[in-house]
Structure formats: structure tokens, C-alpha cells
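**Student:** Sharing a structure with you now.
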Amino acid sequence: MSLLDVSQLSVKYESFTALKDVNFSVENGEFLAVLGENGSGKTTLIKAILGLKEPHSGIITWEKGIRLGYLPQHLNVQDRSFPATVKEVILTGALAYQKGFKRPTLAMHQKLDTLLADFSIAHLKHQRIGTLSGGQQQRVLLARTLMSDPDILIMDEPTSALDSSMRSTFYDLLKDLNEGGMTMMLITHDVGSASDVLDRVIYLDQTIIFDGTFADYCENAAISPYIHTHATHTHEVHK
Ligand SMILES: Nc1ncnc2c1ncn2[C@@H]1O[C@H](COP(=O)(O)OP(=O)(O)OP(=O)(O)O)[C@@H](O)[C@H]1O
Ligand SMILES: [Mg+2]
């Protein structure tokens, strides 16, 4: 059985149709990117499958008992006095799944330290979240999501605030997690850095225009006009 099945999905904002007739499945262990221009419905799709946006029609079926990890787009804590440290923010990612009395275990503290080291943010452990840069905050939020050991990690433009060296470190890390069995689904405008790790690409423009391997995506004539526009976006995002 698939991890996720999406059938005949349509999503509207009032009378505006953001997505229509979307059909796809996600298999266990895949590394999938959702691509498309600004406004093509990528974030809407992710919100719909996570239950954060009610579909207009269609059926979304998750495998039973699955643990979802979600890294949203634009989660910038700008309040510098926001009273939580990096350590606290990351630890609460594990507590969300813990039943009963909520107190971090030794194993959680160890996992926290491993993640801090993996993301090169160990020196920020006791700093307030609002005082970090955008890229540092993004790494903290990813570490927070990983604390709960999700079966699938769903990310909305996770590298948009990362510099180029952190981007490749980031994809290396996702690749390791994926090889360890975690399914990956991410929205990105940064296909260049992700190309080594992607199994599959879904290209959206209100509906699915392309669904196939990354190599086929690059060669597919039907979507070449989109690839061109896409390159322009990548440029904008990198500036
Ligand atoms: N809350 C909302 N109310 C009304 N329209 C919305 C809302 N959220 C999104 N839309 C519209 O739905 C369409 C798809 O938006 P969505 O955020 O899914 O695009 P996206 O592919 O994620 O774009 P980007 O690459 O800029 O993040 C856009 O036309 C957008 O204006
Ligand atoms: Mg979006």
C-alpha cells in the first residue's frame, strides 16, 4: 500500500480554484520534489494533504498510524525577545508525541545534541530563537521536526534561507535520513542543489503537469517552457 494516496483533489479559496484534478501517490522511501512557479499551488497541496486546508473535493488517504513531520514555508520568528531558546524549541518537537507527563528524557537530550552538531548550531543551543538569522532558524525548525522521528518529512522550501554551503550539507543530511528509510517530500525552487538526491519530480500548475523521474523531467519537451521560467525563479530566489 502507498504511504499517501491523493485522488481527484480540488482545492478552492472562495471561488478561486488553486488545485484541480490532482492525482498521485507517494511510496515508502521515495525522495520526491514538488516543483512549479510561484502561485502554482504547491503550498496549497501540502496544506491539503496535511489537513490544514479543507479540500473542495477529492480523497486523501494516509497509511494508518503514520508519523508526519512538517517544515512550513516562512516561519520566521522576528520577535527577538520571544522567550524560548534553541534547545527548548527543538526539545518540544519530541514532547508533542510523548504521552502523559511531559519532561524530556535523557535520550531526547542526546538526540538534541546530535542534531545540533549535524546542523552546525551547537553553539546556539542556549540562544533565544528570535535572535537567530533566518537560515539558523530554519535549521532549528528542521531539527525540531526530526526529534519526533517522522516516517515522512514534508518540507515547504526548506533551503530558501540557507546559503549555498549549508544547502549541500542540508541535502546530504536529507539523503542520509532517506537512506535510513525516511520518505522525503519537498517543495523547492532550488532544483540545482537537490538534483543528486531526487528520485521523482511532480511539476504543478494548478494540476499535475508532469510526474516522473528527475532525468525525464529535465528532458521532457512538454514542460521545457516551464523549466525555462523555473530557472528564472531560481535566480530570483538566490539573489
Ligand atoms: N489563503 C488564501 N486565500 C486566497 N488565495 C490564496 C490563499 N493561499 C493561496 N492562495 C492562492 O492560491 C494560489 C496557490 O498558492 P500557493 O501558496 O499554493 O502557491 P505556491 O505554489 O506555494 O507558490 P510559491 O512558490 O510562491 O510559494 C495562488 O494563486 C495564491 O494566490
Ligand atoms: Mg508556497
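Ordering of the C-alpha cells sets the chain letters (A, B, ...); residue numbers start at 1 within each chain; ligands are numbered from 1 in the order shown.
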Within 8 Å of ligand 1, counting only C-alpha atoms and all ligand atoms, which protein or nucleic acid residues do you find, written as a list in words?

**Tutor:**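 The residues near ligand 1 are Lys12, Tyr13, Glu14, Phe16, Thr17, Ala18, Leu19, Leu35, Gly36, Glu37, Asn38, Gly39, Ser40, Gly41, Lys42, Thr43, Thr44, Leu45, Gln73, Asp156, Glu157, His189, Leu204, Asp205 and Gln206 of chain A.
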
**Student:** Calculate how many Å separate atom CA of Thr131 of chain A from atom CA of Leu50 of chain A, rounding to one decimal.

**Tutor:**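 Those two atoms sit 29.6 Å apart.
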
**Student:** According to DSSP computed on the backbone, where in segment 132-224 of chain A is there strand (DSSP E)? Give the residues as a PyMOL selection string.

**Tutor:** chain A and resi 152-156+183-187+200-205+207-213

**Student:** Report as a VMD selection string all protein, DNA and RNA residues lying within 12 Å of Leu132 of chain A, evaluated on only C-alpha atoms, omitting residues in the same chain fewer than 3 positions from it.

**Tutor:** chain A and resid 76 to 82 84 to 86 121 123 to 129 135 to 141 161

**Student:** Compile the contact shell of Gly212 of chain A as a PDB file with N, CA and C atoms, in the first residue's frame: residues with an atom at most 10 Å away, counting only C-alpha atoms, same-chain residues fewer than 6 positions apart removed.

**Tutor:**
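Just written: part.pdb:
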```
ATOM      1  N   LEU A  32      10.913  12.836  -3.110  1.00  0.00           N
ATOM      2  CA  LEU A  32      10.057  13.482  -4.101  1.00  0.00           C
ATOM      3  C   LEU A  32      10.110  15.007  -3.971  1.00  0.00           C
ATOM      4  N   ASP A 199      14.480  11.325  -6.420  1.00  0.00           N
ATOM      5  CA  ASP A 199      14.041  10.172  -7.204  1.00  0.00           C
ATOM      6  C   ASP A 199      13.002  10.609  -8.222  1.00  0.00           C
ATOM      7  N   ARG A 200      12.203  11.560  -7.785  1.00  0.00           N
ATOM      8  CA  ARG A 200      10.973  11.823  -8.524  1.00  0.00           C
ATOM      9  C   ARG A 200      10.593  13.295  -8.432  1.00  0.00           C
ATOM     10  N   VAL A 201       9.988  13.786  -9.506  1.00  0.00           N
ATOM     11  CA  VAL A 201       9.559  15.170  -9.570  1.00  0.00           C
ATOM     12  C   VAL A 201       8.078  15.222  -9.937  1.00  0.00           C
ATOM     13  N   ILE A 202       7.334  16.038  -9.212  1.00  0.00           N
ATOM     14  CA  ILE A 202       5.969  16.374  -9.628  1.00  0.00           C
ATOM     15  C   ILE A 202       5.988  17.856  -9.973  1.00  0.00           C
ATOM     16  N   TYR A 203       5.552  18.178 -11.186  1.00  0.00           N
ATOM     17  CA  TYR A 203       5.510  19.582 -11.593  1.00  0.00           C
ATOM     18  C   TYR A 203       4.050  20.038 -11.600  1.00  0.00           C
ATOM     19  N   ASN A 220      11.964  16.386 -20.683  1.00  0.00           N
ATOM     20  CA  ASN A 220      10.596  16.396 -21.201  1.00  0.00           C
ATOM     21  C   ASN A 220      10.272  17.684 -21.958  1.00  0.00           C
TER      22      ASN A 220
END
```

**Student:** Out of A:Met182, A:Val11, A:Met108, A:Met155, which residue has the shortest atom-to-atom distance to ligand 2 when counting only C-alpha atoms and all ligand atoms?

**Tutor:**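 Between A:Met182, A:Val11, A:Met108, A:Met155, the residue approaching ligand 2 most closely is A:Met155.
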
**Student:** Extract the full set of helix (DSSP H, G or I) residues from segment 151-188 of chain A according to DSSP on the backbone, and format it as a ChimeraX atom specification.

**Tutor:** /A:164-179

**Student:** Compare A:Gly181, A:Leu9, A:Val197, A:Lys111 by their minimum atom-to-atom distance to Thr213 of chain A, counting only C-alpha atoms, and give me the closest one.

**Tutor:**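 Among the listed residues, A:Val197 lies closest to Thr213 of chain A.
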
**Student:** With only C-alpha atoms and all ligand atoms as the atoms that count, which of A:Val34, A:Met147, A:Met185, A:Leu174 lies nearest to ligand 2?

**Tutor:**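 Ranked by minimum distance to ligand 2, first place goes to A:Val34.
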
**Student:** With distances taken over only C-alpha atoms and all ligand atoms, which of A:Ile46, A:Trp62, A:Thr207, A:Ala94 is nearest to ligand 2?

**Tutor:** A:Ile46

**Student:** So how many Å separate atom CA of Ser7 of chain A and atom CA of Ile59 of chain A, to one decimal?

**Tutor:**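 Rounded to one decimal, the two atoms are 5.1 Å apart.
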
**Student:** Kindly give the distance, in Å, that separates atom CA of Ile49 of chain A and atom CA of Tyr70 of chain A, rounded to a single decimal.

**Tutor:**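 Atom CA of Tyr70 of chain A lies at a distance of 11.0 Å from atom CA of Ile49 of chain A.
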